[in-house]
Amino acid sequence: MKRLLRELLGEDLANYLELLRAKLAFAEELYGVKMNYVPLVTEDEIVVLDKRDGLIKWLRTKRPLTEDELRKLSGKIRESLESGYVETLLTMNMSCINVPGE
C-alpha cells in the first residue's frame, strides 16, 4: 500500500505524510494530548491518516482505504496536502491545547 501511495501522491507528499505522523507523536510527548488521526479529506466522508500504523482510513469505520478508493481520492488528498489545508487543521487543533504556563 505504501508503494501505491508513493506512486499516486509522489515521493515528496508520501514523505510529508510520514512527517505528519512524527508531528503528532511530538505533540503527544510535548502536550500530553493524544491525537491519533490527521484529517486528509473532510468533504462528505472524512478520510484520515492514522498515526499508529500510517494507513489512510475512513474515520467512521476505521477501515483502511482499498486500492480503488485510494486511487479515487488521491487527487483530493494531494490537494489538501499541497494547499496547506491539512497543516491548517493541525495548527487549529494545537491552538486549543493549553500548554504549560497558561
# chains A, B, ... in the order shown; residues from 1 in each chain; ligands from 1
$ closest_atom_pairs --of "segment 53-79 of chain A" --to "segment 18-31 of chain A" --cutoff "12 Å" --atoms "only C-alpha atoms" --output "Markdown table"
| residue | atom | partner | partner_atom | distance |
| --- | --- | --- | --- | --- |
| A:Asp53 | CA | A:Arg21 | CA | 9.2 |
| A:Gly54 | CA | A:Arg21 | CA | 7.3 |
| A:Leu55 | CA | A:Glu18 | CA | 10.4 |
| A:Ile56 | CA | A:Arg21 | CA | 11.6 |
$ residues_around --residues "Lys76 of chain A" --least-positions-apart "2" --cutoff "12 Å" --atoms "only C-alpha atoms" --output "PDB file with C-alpha atoms, in the first residue's frame"
ATOM      1  CA  LEU A   8      -0.225   8.223  -6.515  1.00  0.00           C
ATOM      2  CA  LEU A   9       0.952  11.156  -4.389  1.00  0.00           C
ATOM      3  CA  PRO A  39      -7.818  14.615   8.588  1.00  0.00           C
ATOM      4  CA  LEU A  40      -6.854  14.454   4.916  1.00  0.00           C
ATOM      5  CA  VAL A  41     -10.260  14.810   3.245  1.00  0.00           C
ATOM      6  CA  THR A  42     -13.184  16.441   5.051  1.00  0.00           C
ATOM      7  CA  GLU A  43     -15.744  16.584   2.256  1.00  0.00           C
ATOM      8  CA  ASP A  44     -18.584  14.067   2.624  1.00  0.00           C
ATOM      9  CA  ILE A  46     -13.847  12.030   6.377  1.00  0.00           C
ATOM     10  CA  VAL A  47     -10.594  10.335   5.419  1.00  0.00           C
ATOM     11  CA  GLU A  69     -10.712   4.066  -3.042  1.00  0.00           C
ATOM     12  CA  LEU A  70      -7.198   5.412  -2.640  1.00  0.00           C
ATOM     13  CA  ARG A  71      -6.884   5.921  -6.386  1.00  0.00           C
ATOM     14  CA  LYS A  72     -10.219   7.798  -6.468  1.00  0.00           C
ATOM     15  CA  LEU A  73      -9.365  10.038  -3.507  1.00  0.00           C
ATOM     16  CA  SER A  74      -5.686  10.627  -4.275  1.00  0.00           C
ATOM     17  CA  ARG A  78      -2.963  15.708  -2.823  1.00  0.00           C
ATOM     18  CA  GLU A  79      -4.956  18.963  -2.987  1.00  0.00           C
ATOM     19  CA  SER A  80      -5.438  19.048   0.805  1.00  0.00           C
ATOM     20  CA  LEU A  81      -1.740  18.495   1.422  1.00  0.00           C
ATOM     21  CA  GLU A  82      -0.442  20.906  -1.225  1.00  0.00           C
ATOM     22  CA  SER A  83      -2.852  23.709  -0.309  1.00  0.00           C
ATOM     23  CA  TYR A  85      -5.356  22.666   4.455  1.00  0.00           C
ATOM     24  CA  VAL A  86      -4.124  19.684   6.483  1.00  0.00           C
TER      25      VAL A  86
END
$ closest_residue --among "A:Val38, A:Ala14, A:Ile77, A:Leu49" --to "Met92 of chain A" --atoms "only C-alpha atoms"
A:Val38
$ select_by_dssp --residues "segment 30-97 of chain A" --states "helix (DSSP H, G or I)" --output "ChimeraX atom specification"
/A:30-31,67-83,85-95
$ write_last_selection --atoms "C-alpha atoms" --output "compact mmCIF listing (two decimals), in the first residue's frame"
# COMPACT_ATOMS: atom_id res chain seq x y z
CA LEU A 30 5.10 17.76 24.45
CA TYR A 31 1.47 18.45 25.36
CA GLU A 67 -6.60 0.41 -3.60
CA ASP A 68 -9.52 1.64 -5.74
CA GLU A 69 -10.71 4.07 -3.04
CA LEU A 70 -7.20 5.41 -2.64
CA ARG A 71 -6.88 5.92 -6.39
CA LYS A 72 -10.22 7.80 -6.47
CA LEU A 73 -9.36 10.04 -3.51
CA SER A 74 -5.69 10.63 -4.28
CA GLY A 75 -6.46 13.91 -6.06
CA LYS A 76 -8.36 15.29 -3.07
CA ILE A 77 -5.66 14.11 -0.67
CA ARG A 78 -2.96 15.71 -2.82
CA GLU A 79 -4.96 18.96 -2.99
CA SER A 80 -5.44 19.05 0.80
CA LEU A 81 -1.74 18.50 1.42
CA GLU A 82 -0.44 20.91 -1.22
CA SER A 83 -2.85 23.71 -0.31
CA TYR A 85 -5.36 22.67 4.45
CA VAL A 86 -4.12 19.68 6.48
CA GLU A 87 -1.46 21.79 8.19
CA THR A 88 -4.10 24.43 8.99
CA LEU A 89 -6.31 21.82 10.65
CA LEU A 90 -3.38 20.65 12.75
CA THR A 91 -2.49 24.19 13.75
CA MET A 92 -6.08 24.89 14.76
CA ASN A 93 -6.11 21.79 16.96
CA MET A 94 -2.78 22.68 18.57
CA SER A 95 -4.02 26.15 19.49
